[in-house]
Every structure is written in structure tokens, then in C-alpha cells.
$ cat data00.pdb   # PDB, C-alpha atoms, pLDDT in the B column
ATOM      1  CA  MET A 207     154.409 -14.528 -27.907  1.00 45.00           C
ATOM      2  CA  GLY A 208     155.787 -13.559 -31.276  1.00 52.00           C
ATOM      3  CA  ASN A 209     157.594 -15.523 -33.910  1.00 75.00           C
ATOM      4  CA  SER A 210     161.124 -15.483 -32.569  1.00 91.00           C
ATOM      5  CA  TYR A 211     163.058 -14.439 -29.526  1.00 95.00           C
ATOM      6  CA  ARG A 212     165.157 -12.347 -31.918  1.00 96.00           C
ATOM      7  CA  ASP A 213     162.126 -10.085 -32.397  1.00 95.00           C
ATOM      8  CA  LEU A 214     162.062  -9.219 -28.696  1.00 96.00           C
ATOM      9  CA  LEU A 215     163.667  -5.874 -27.864  1.00 97.00           C
ATOM     10  CA  VAL A 216     164.615  -7.209 -24.426  1.00 98.00           C
ATOM     11  CA  TRP A 217     166.560 -10.081 -26.030  1.00 98.00           C
ATOM     12  CA  GLN A 218     168.308  -7.677 -28.439  1.00 98.00           C
ATOM     13  CA  LYS A 219     169.337  -5.390 -25.570  1.00 98.00           C
ATOM     14  CA  ALA A 220     170.385  -8.336 -23.373  1.00 98.00           C
ATOM     15  CA  LYS A 221     172.554  -9.751 -26.168  1.00 98.00           C
ATOM     16  CA  ALA A 222     174.167  -6.348 -26.691  1.00 98.00           C
ATOM     17  CA  LEU A 223     174.787  -6.199 -22.935  1.00 98.00           C
ATOM     18  CA  ALA A 224     176.537  -9.584 -23.022  1.00 98.00           C
ATOM     19  CA  VAL A 225     178.796  -8.371 -25.832  1.00 98.00           C
ATOM     20  CA  SER A 226     179.534  -5.204 -23.833  1.00 97.00           C
ATOM     21  CA  VAL A 227     180.422  -7.282 -20.771  1.00 97.00           C
ATOM     22  CA  TYR A 228     182.887  -9.330 -22.798  1.00 97.00           C
ATOM     23  CA  ARG A 229     184.494  -6.156 -24.145  1.00 95.00           C
ATOM     24  CA  ALA A 230     184.563  -4.439 -20.747  1.00 94.00           C
ATOM     25  CA  THR A 231     186.213  -7.437 -19.090  1.00 95.00           C
ATOM     26  CA  GLU A 232     188.944  -7.873 -21.721  1.00 93.00           C
ATOM     27  CA  ASN A 233     191.151  -5.486 -19.768  1.00 90.00           C
ATOM     28  CA  PHE A 234     190.494  -6.927 -16.327  1.00 93.00           C
ATOM     29  CA  PRO A 235     193.668  -8.061 -14.569  1.00 92.00           C
ATOM     30  CA  LYS A 236     194.825 -11.607 -15.277  1.00 93.00           C
ATOM     31  CA  SER A 237     194.297 -12.361 -11.584  1.00 92.00           C
ATOM     32  CA  GLU A 238     190.543 -11.971 -12.196  1.00 91.00           C
ATOM     33  CA  VAL A 239     190.284 -14.446 -15.087  1.00 89.00           C
ATOM     34  CA  PHE A 240     188.690 -17.056 -12.826  1.00 90.00           C
ATOM     35  CA  GLY A 241     187.012 -14.481 -10.594  1.00 93.00           C
ATOM     36  CA  LEU A 242     185.034 -11.457 -11.678  1.00 94.00           C
ATOM     37  CA  THR A 243     185.791 -11.861 -15.378  1.00 96.00           C
ATOM     38  CA  ALA A 244     184.362 -15.377 -15.534  1.00 96.00           C
ATOM     39  CA  GLN A 245     181.450 -14.574 -13.209  1.00 97.00           C
ATOM     40  CA  LEU A 246     180.418 -11.458 -15.117  1.00 97.00           C
ATOM     41  CA  ARG A 247     180.636 -13.204 -18.462  1.00 98.00           C
ATOM     42  CA  ARG A 248     178.662 -16.264 -17.344  1.00 98.00           C
ATOM     43  CA  ALA A 249     175.918 -14.157 -15.803  1.00 98.00           C
ATOM     44  CA  ALA A 250     175.756 -11.839 -18.828  1.00 98.00           C
ATOM     45  CA  ILE A 251     175.479 -14.741 -21.297  1.00 98.00           C
ATOM     46  CA  SER A 252     172.724 -16.240 -19.155  1.00 98.00           C
ATOM     47  CA  VAL A 253     170.401 -13.264 -19.634  1.00 98.00           C
ATOM     48  CA  PRO A 254     169.722 -13.462 -23.404  1.00 98.00           C
ATOM     49  CA  SER A 255     170.115 -17.251 -23.328  1.00 98.00           C
ATOM     50  CA  ASN A 256     167.285 -17.656 -20.813  1.00 98.00           C
ATOM     51  CA  ILE A 257     165.074 -15.221 -22.700  1.00 98.00           C
ATOM     52  CA  ALA A 258     165.601 -17.257 -25.881  1.00 97.00           C
ATOM     53  CA  GLU A 259     165.087 -20.609 -24.187  1.00 97.00           C
ATOM     54  CA  GLY A 260     161.959 -19.445 -22.406  1.00 96.00           C
ATOM     55  CA  GLN A 261     160.421 -18.030 -25.560  1.00 95.00           C
ATOM     56  CA  GLY A 262     161.098 -21.323 -27.302  1.00 94.00           C
ATOM     57  CA  ARG A 263     159.328 -23.380 -24.642  1.00 92.00           C
ATOM     58  CA  GLY A 264     155.895 -22.535 -25.992  1.00 81.00           C
ATOM     59  CA  SER A 265     153.965 -21.859 -22.793  1.00 92.00           C
ATOM     60  CA  LYS A 266     153.542 -18.491 -21.132  1.00 93.00           C
ATOM     61  CA  LYS A 267     154.156 -20.003 -17.708  1.00 94.00           C
ATOM     62  CA  GLU A 268     157.522 -21.460 -18.739  1.00 96.00           C
ATOM     63  CA  PHE A 269     158.442 -18.287 -20.593  1.00 96.00           C
ATOM     64  CA  ALA A 270     157.722 -16.219 -17.473  1.00 97.00           C
ATOM     65  CA  GLN A 271     159.827 -18.621 -15.393  1.00 97.00           C
ATOM     66  CA  PHE A 272     162.795 -18.228 -17.740  1.00 98.00           C
ATOM     67  CA  LEU A 273     162.349 -14.450 -17.773  1.00 98.00           C
ATOM     68  CA  CYS A 274     162.624 -14.524 -13.975  1.00 98.00           C
ATOM     69  CA  ILE A 275     165.816 -16.578 -14.240  1.00 98.00           C
ATOM     70  CA  ALA A 276     167.154 -14.038 -16.765  1.00 98.00           C
ATOM     71  CA  ARG A 277     166.296 -11.249 -14.314  1.00 98.00           C
ATOM     72  CA  GLY A 278     168.223 -13.025 -11.569  1.00 98.00           C
ATOM     73  CA  SER A 279     171.268 -13.334 -13.824  1.00 98.00           C
ATOM     74  CA  LEU A 280     170.942  -9.675 -14.745  1.00 98.00           C
ATOM     75  CA  LEU A 281     170.975  -8.709 -11.075  1.00 98.00           C
ATOM     76  CA  GLU A 282     174.153 -10.780 -10.721  1.00 98.00           C
ATOM     77  CA  VAL A 283     175.740  -8.754 -13.539  1.00 97.00           C
ATOM     78  CA  MET A 284     174.715  -5.523 -11.844  1.00 96.00           C
ATOM     79  CA  THR A 285     176.165  -6.626  -8.508  1.00 95.00           C
ATOM     80  CA  GLN A 286     179.407  -7.874 -10.024  1.00 94.00           C
ATOM     81  CA  ALA A 287     179.862  -4.702 -12.088  1.00 93.00           C
ATOM     82  CA  GLU A 288     179.416  -2.656  -8.909  1.00 92.00           C
ATOM     83  CA  ILE A 289     182.020  -4.765  -7.124  1.00 92.00           C
ATOM     84  CA  ALA A 290     184.424  -4.433 -10.054  1.00 92.00           C
ATOM     85  CA  ALA A 291     183.960  -0.653 -10.034  1.00 90.00           C
ATOM     86  CA  GLU A 292     184.550  -0.431  -6.279  1.00 91.00           C
ATOM     87  CA  LEU A 293     187.679  -2.555  -6.584  1.00 91.00           C
ATOM     88  CA  GLY A 294     188.921  -0.482  -9.504  1.00 91.00           C
ATOM     89  CA  VAL A 295     189.209  -3.645 -11.596  1.00 90.00           C
ATOM     90  CA  GLY A 296     187.514  -2.239 -14.695  1.00 84.00           C
ATOM     91  CA  HIS A 297     187.385   1.214 -16.149  1.00 85.00           C
ATOM     92  CA  ALA A 298     184.880   3.197 -14.086  1.00 84.00           C
ATOM     93  CA  GLN A 299     183.224   4.574 -17.223  1.00 88.00           C
ATOM     94  CA  SER A 300     182.765   1.055 -18.652  1.00 89.00           C
ATOM     95  CA  MET A 301     181.286  -0.216 -15.401  1.00 89.00           C
ATOM     96  CA  HIS A 302     178.928   2.782 -15.246  1.00 89.00           C
ATOM     97  CA  LYS A 303     177.795   2.096 -18.829  1.00 93.00           C
ATOM     98  CA  LEU A 304     177.194  -1.565 -17.965  1.00 95.00           C
ATOM     99  CA  GLN A 305     175.070  -0.493 -14.999  1.00 94.00           C
ATOM    100  CA  ALA A 306     172.977   1.797 -17.224  1.00 96.00           C
ATOM    101  CA  ASP A 307     172.552  -0.950 -19.820  1.00 97.00           C
ATOM    102  CA  CYS A 308     171.523  -3.372 -17.064  1.00 98.00           C
ATOM    103  CA  GLU A 309     168.904  -0.919 -15.815  1.00 98.00           C
ATOM    104  CA  GLU A 310     167.445  -0.700 -19.316  1.00 98.00           C
ATOM    105  CA  VAL A 311     167.281  -4.492 -19.704  1.00 98.00           C
ATOM    106  CA  LEU A 312     165.777  -4.804 -16.220  1.00 98.00           C
ATOM    107  CA  PHE A 313     163.073  -2.306 -17.127  1.00 98.00           C
ATOM    108  CA  LEU A 314     162.262  -4.233 -20.316  1.00 98.00           C
ATOM    109  CA  LEU A 315     162.209  -7.600 -18.529  1.00 98.00           C
ATOM    110  CA  ASN A 316     159.889  -6.273 -15.836  1.00 97.00           C
ATOM    111  CA  ARG A 317     157.622  -4.675 -18.426  1.00 97.00           C
ATOM    112  CA  LEU A 318     157.410  -7.922 -20.412  1.00 96.00           C
ATOM    113  CA  LEU A 319     156.639  -9.909 -17.271  1.00 96.00           C
ATOM    114  CA  ARG A 320     153.913  -7.447 -16.254  1.00 96.00           C
ATOM    115  CA  SER A 321     152.357  -7.556 -19.719  1.00 94.00           C
ATOM    116  CA  MET A 322     152.273 -11.361 -19.598  1.00 90.00           C
ATOM    117  CA  GLU A 323     150.559 -11.299 -16.200  1.00 86.00           C
ATOM    118  CA  SER A 324     147.860  -8.905 -17.367  1.00 78.00           C
ATOM    119  CA  LYS A 325     146.884 -10.937 -20.437  1.00 67.00           C
ATOM    120  CA  PRO A 326     144.352 -13.747 -20.150  1.00 62.00           C
ATOM    121  CA  ARG A 327     145.786 -17.258 -20.020  1.00 54.00           C
ATOM    122  CA  ASN A 328     145.713 -19.436 -23.109  1.00 49.00           C
TER     123      ASN A 328
END
$ encode --input "data00.pdb" --output "C-alpha cells"
Amino acid sequence: MGNSYRDLLVWQKAKALAVSVYRATENFPKSEVFGLTAQLRRAAISVPSNIAEGQGRGSKKEFAQFLCIARGSLLEVMTQAEIAAELGVGHAQSMHKLQADCEEVLFLLNRLLRSMESKPRN
């Protein structure tokens, strides 16, 4: 599984995504502080956090479970960014960039999960 979650490209990209979400939501209207802003930030933080926690659990089965939870949170971010874009809450370019970053993290998560399934169990 590697030495540290920090070595995982998917964790690095997910952490960068979370930082991007925080920056993109800084300019959301004050009326969204407890709505989309909070939801997007919570979901975005959950992605790298679950990757890290899962990697630290020590078993492939638990790691895969936490990767699936991270994927669910990532899909929340994607959905919420789409909603924000449709509502005109965030800058369209920022929301589009978030979507592209989410797609990249999703690809990496799916690839990691597939590679874990194809390896023999320990």
C-alpha cells in the first residue's frame, strides 16, 4: 500500500481540490454560508481525509471501503459545483475548473480501486 497516504497521487490531487474549493467559495454570497459554501467545503475536505484514513487502517478491505466513501464525497462536490454554476453563485470558470479537477480525482480513485481488486489478497 505504500509508506504514506502523502505518497499517493490521488491524495495529493484531492487535497489540492479541497484547497481549490475553499478558494472558489470565498466569493460565494453571504446567504450561502450555511448552504452551498458549507456543503461544498465539507464534501471536499472529506475526499482527502477518507483517503488518508483508509490508507492508515492497514487492511486493503478497509482502505477500499474508505476510497469508496471518498468517491461518494467527490460526487457530492461535483453535484454541488454544478448546482452552484447553474445558480450563478460562483464564477462559472471556477466551477468549470472544479469539475475538471473532480474528474481527474475520480479517474485516479477508480484506477486505484481497480488496481486493488486485481491484486491477490494478503
$ resolve_selection --input "data00.pdb" --expression "the PyMOL selection byres ((chain A and resi 232-245) around 8)" --output "list in words"
Tyr228, Arg229, Ala230, Thr231, Leu246, Arg247, Arg248, Ala249, Gln286, Ala290, Val295 and Gly296 of chain A
$ write_last_selection --input "data00.pdb" --atoms "C-alpha atoms" --output "PDB file, keeping the file's coordinate frame"
ATOM      1  CA  TYR A 228     182.887  -9.330 -22.798  1.00 97.00           C
ATOM      2  CA  ARG A 229     184.494  -6.156 -24.145  1.00 95.00           C
ATOM      3  CA  ALA A 230     184.563  -4.439 -20.747  1.00 94.00           C
ATOM      4  CA  THR A 231     186.213  -7.437 -19.090  1.00 95.00           C
ATOM      5  CA  LEU A 246     180.418 -11.458 -15.117  1.00 97.00           C
ATOM      6  CA  ARG A 247     180.636 -13.204 -18.462  1.00 98.00           C
ATOM      7  CA  ARG A 248     178.662 -16.264 -17.344  1.00 98.00           C
ATOM      8  CA  ALA A 249     175.918 -14.157 -15.803  1.00 98.00           C
ATOM      9  CA  GLN A 286     179.407  -7.874 -10.024  1.00 94.00           C
ATOM     10  CA  ALA A 290     184.424  -4.433 -10.054  1.00 92.00           C
ATOM     11  CA  VAL A 295     189.209  -3.645 -11.596  1.00 90.00           C
ATOM     12  CA  GLY A 296     187.514  -2.239 -14.695  1.00 84.00           C
TER      13      GLY A 296
END
$ atom_distance --input "data00.pdb" --atom1 "atom CA of Gln271 of chain A" --atom2 "atom CA of Ile289 of chain A"
27.4 Å
$ resolve_selection --input "data00.pdb" --expression "the PyMOL selection byres ((chain A and resi 312) around 10)" --output "mmCIF file with C-alpha atoms, in the coordinates of the input"
data_model
loop_
_atom_site.group_PDB
_atom_site.id
_atom_site.type_symbol
_atom_site.label_atom_id
_atom_site.label_comp_id
_atom_site.auth_asym_id
_atom_site.auth_seq_id
_atom_site.Cartn_x
_atom_site.Cartn_y
_atom_site.Cartn_z
ATOM 1 C CA VAL A 216 164.615 -7.209 -24.426
ATOM 2 C CA ALA A 220 170.385 -8.336 -23.373
ATOM 3 C CA ALA A 276 167.154 -14.038 -16.765
ATOM 4 C CA ARG A 277 166.296 -11.249 -14.314
ATOM 5 C CA GLY A 278 168.223 -13.025 -11.569
ATOM 6 C CA LEU A 280 170.942 -9.675 -14.745
ATOM 7 C CA LEU A 281 170.975 -8.709 -11.075
ATOM 8 C CA MET A 284 174.715 -5.523 -11.844
ATOM 9 C CA ALA A 306 172.977 1.797 -17.224
ATOM 10 C CA ASP A 307 172.552 -0.950 -19.820
ATOM 11 C CA CYS A 308 171.523 -3.372 -17.064
ATOM 12 C CA GLU A 309 168.904 -0.919 -15.815
ATOM 13 C CA GLU A 310 167.445 -0.700 -19.316
ATOM 14 C CA VAL A 311 167.281 -4.492 -19.704
ATOM 15 C CA PHE A 313 163.073 -2.306 -17.127
ATOM 16 C CA LEU A 314 162.262 -4.233 -20.316
ATOM 17 C CA LEU A 315 162.209 -7.600 -18.529
ATOM 18 C CA ASN A 316 159.889 -6.273 -15.836
ATOM 19 C CA ARG A 317 157.622 -4.675 -18.426
ATOM 20 C CA LEU A 318 157.410 -7.922 -20.412
#
$ residues_around --input "data00.pdb" --residues "Ala287 of chain A" --least-positions-apart "6" --cutoff "8 Å" --atoms "all atoms listed in the file" --output "NGL selection string"
:A and (246 or 301 or 304-305)
$ closest_atom_pairs --input "data00.pdb" --of "segment 297-324 of chain A" --to "segment 258-268 of chain A" --cutoff "12 Å" --atoms "all atoms listed in the file" --output "Markdown table"
| residue | atom | partner | partner_atom | distance |
| --- | --- | --- | --- | --- |
| A:Leu318 | CA | A:Lys266 | CA | 11.3 |
| A:Leu319 | CA | A:Lys266 | CA | 9.9 |
| A:Ser321 | CA | A:Lys266 | CA | 11.1 |
| A:Met322 | CA | A:Lys266 | CA | 7.4 |
| A:Glu323 | CA | A:Lys266 | CA | 9.2 |
| A:Ser324 | CA | A:Lys266 | CA | 11.8 |
$ atom_distance --input "data00.pdb" --atom1 "atom CA of Ser255 of chain A" --atom2 "atom CA of Ala298 of chain A"
26.9 Å
$ atom_distance --input "data00.pdb" --atom1 "atom CA of Leu293 of chain A" --atom2 "atom CA of Pro254 of chain A"
26.9 Å
$ closest_residue --input "data00.pdb" --among "A:Glu288, A:Ala270, A:Ser252, A:Gln299" --to "Leu223 of chain A" --atoms "only C-alpha atoms"
A:Ser252
$ closest_residue --input "data00.pdb" --among "A:Phe269, A:Ser300, A:Gly294, A:Ile257" --to "Val227 of chain A" --atoms "all atoms listed in the file"
A:Ser300
$ build_atoms --input "data00.pdb" --residues "segment 279-312 of chain A" --atoms "N, CA and C atoms" --output "JSON list (two decimals), in the frame of the given file"
[["chain", "number", "residue", "atom", "x", "y", "z"],
["A", 279, "SER", "N", 169.92, -13.43, -13.25],
["A", 279, "SER", "CA", 171.27, -13.33, -13.82],
["A", 279, "SER", "C", 171.65, -11.88, -14.07],
["A", 280, "LEU", "N", 170.68, -11.10, -14.51],
["A", 280, "LEU", "CA", 170.94, -9.68, -14.74],
["A", 280, "LEU", "C", 171.32, -8.97, -13.45],
["A", 281, "LEU", "N", 170.64, -9.31, -12.37],
["A", 281, "LEU", "CA", 170.98, -8.71, -11.08],
["A", 281, "LEU", "C", 172.36, -9.14, -10.61],
["A", 282, "GLU", "N", 172.78, -10.35, -10.99],
["A", 282, "GLU", "CA", 174.15, -10.78, -10.72],
["A", 282, "GLU", "C", 175.14, -9.89, -11.47],
["A", 283, "VAL", "N", 174.86, -9.62, -12.74],
["A", 283, "VAL", "CA", 175.74, -8.75, -13.54],
["A", 283, "VAL", "C", 175.84, -7.39, -12.89],
["A", 284, "MET", "N", 174.71, -6.85, -12.46],
["A", 284, "MET", "CA", 174.72, -5.52, -11.84],
["A", 284, "MET", "C", 175.57, -5.51, -10.58],
["A", 285, "THR", "N", 175.41, -6.53, -9.76],
["A", 285, "THR", "CA", 176.16, -6.63, -8.51],
["A", 285, "THR", "C", 177.65, -6.76, -8.79],
["A", 286, "GLN", "N", 178.00, -7.63, -9.72],
["A", 286, "GLN", "CA", 179.41, -7.87, -10.02],
["A", 286, "GLN", "C", 180.06, -6.66, -10.67],
["A", 287, "ALA", "N", 179.32, -5.93, -11.49],
["A", 287, "ALA", "CA", 179.86, -4.70, -12.09],
["A", 287, "ALA", "C", 180.10, -3.64, -11.01],
["A", 288, "GLU", "N", 179.21, -3.58, -10.03],
["A", 288, "GLU", "CA", 179.42, -2.66, -8.91],
["A", 288, "GLU", "C", 180.68, -3.02, -8.13],
["A", 289, "ILE", "N", 180.84, -4.30, -7.86],
["A", 289, "ILE", "CA", 182.02, -4.76, -7.12],
["A", 289, "ILE", "C", 183.28, -4.45, -7.91],
["A", 290, "ALA", "N", 183.26, -4.73, -9.21],
["A", 290, "ALA", "CA", 184.42, -4.43, -10.05],
["A", 290, "ALA", "C", 184.76, -2.95, -10.02],
["A", 291, "ALA", "N", 183.74, -2.11, -10.08],
["A", 291, "ALA", "CA", 183.96, -0.65, -10.03],
["A", 291, "ALA", "C", 184.56, -0.24, -8.70],
["A", 292, "GLU", "N", 184.03, -0.78, -7.60],
["A", 292, "GLU", "CA", 184.55, -0.43, -6.28],
["A", 292, "GLU", "C", 185.98, -0.90, -6.08],
["A", 293, "LEU", "N", 186.32, -2.04, -6.68],
["A", 293, "LEU", "CA", 187.68, -2.56, -6.58],
["A", 293, "LEU", "C", 188.64, -1.89, -7.57],
["A", 294, "GLY", "N", 188.09, -1.12, -8.49],
["A", 294, "GLY", "CA", 188.92, -0.48, -9.50],
["A", 294, "GLY", "C", 189.45, -1.47, -10.52],
["A", 295, "VAL", "N", 188.75, -2.59, -10.68],
["A", 295, "VAL", "CA", 189.21, -3.64, -11.60],
["A", 295, "VAL", "C", 188.97, -3.25, -13.04],
["A", 296, "GLY", "N", 187.82, -2.68, -13.34],
["A", 296, "GLY", "CA", 187.51, -2.24, -14.70],
["A", 296, "GLY", "C", 187.54, -0.73, -14.77],
["A", 297, "HIS", "N", 187.46, -0.23, -15.98],
["A", 297, "HIS", "CA", 187.38, 1.21, -16.15],
["A", 297, "HIS", "C", 186.05, 1.69, -15.57],
["A", 298, "ALA", "N", 186.09, 2.70, -14.75],
["A", 298, "ALA", "CA", 184.88, 3.20, -14.09],
["A", 298, "ALA", "C", 183.80, 3.56, -15.09],
["A", 299, "GLN", "N", 184.20, 4.17, -16.20],
["A", 299, "GLN", "CA", 183.22, 4.57, -17.22],
["A", 299, "GLN", "C", 182.56, 3.34, -17.84],
["A", 300, "SER", "N", 183.33, 2.29, -18.09],
["A", 300, "SER", "CA", 182.76, 1.06, -18.65],
["A", 300, "SER", "C", 181.79, 0.41, -17.68],
["A", 301, "MET", "N", 182.15, 0.38, -16.41],
["A", 301, "MET", "CA", 181.29, -0.22, -15.40],
["A", 301, "MET", "C", 180.00, 0.60, -15.25],
["A", 302, "HIS", "N", 180.11, 1.92, -15.33],
["A", 302, "HIS", "CA", 178.93, 2.78, -15.25],
["A", 302, "HIS", "C", 178.01, 2.53, -16.43],
["A", 303, "LYS", "N", 178.58, 2.38, -17.62],
["A", 303, "LYS", "CA", 177.80, 2.10, -18.83],
["A", 303, "LYS", "C", 177.11, 0.74, -18.70],
["A", 304, "LEU", "N", 177.81, -0.25, -18.17],
["A", 304, "LEU", "CA", 177.19, -1.56, -17.96],
["A", 304, "LEU", "C", 176.00, -1.45, -17.02],
["A", 305, "GLN", "N", 176.17, -0.68, -15.96],
["A", 305, "GLN", "CA", 175.07, -0.49, -15.00],
["A", 305, "GLN", "C", 173.85, 0.12, -15.69],
["A", 306, "ALA", "N", 174.09, 1.14, -16.51],
["A", 306, "ALA", "CA", 172.98, 1.80, -17.22],
["A", 306, "ALA", "C", 172.31, 0.83, -18.19],
["A", 307, "ASP", "N", 173.11, 0.04, -18.90],
["A", 307, "ASP", "CA", 172.55, -0.95, -19.82],
["A", 307, "ASP", "C", 171.75, -2.00, -19.06],
["A", 308, "CYS", "N", 172.24, -2.41, -17.90],
["A", 308, "CYS", "CA", 171.52, -3.37, -17.06],
["A", 308, "CYS", "C", 170.18, -2.81, -16.63],
["A", 309, "GLU", "N", 170.16, -1.55, -16.24],
["A", 309, "GLU", "CA", 168.90, -0.92, -15.82],
["A", 309, "GLU", "C", 167.89, -0.94, -16.95],
["A", 310, "GLU", "N", 168.35, -0.69, -18.16],
["A", 310, "GLU", "CA", 167.44, -0.70, -19.32],
["A", 310, "GLU", "C", 166.89, -2.11, -19.56],
["A", 311, "VAL", "N", 167.73, -3.12, -19.51],
["A", 311, "VAL", "CA", 167.28, -4.49, -19.70],
["A", 311, "VAL", "C", 166.33, -4.90, -18.58],
["A", 312, "LEU", "N", 166.64, -4.49, -17.35],
["A", 312, "LEU", "CA", 165.78, -4.80, -16.22],
["A", 312, "LEU", "C", 164.38, -4.19, -16.41]]
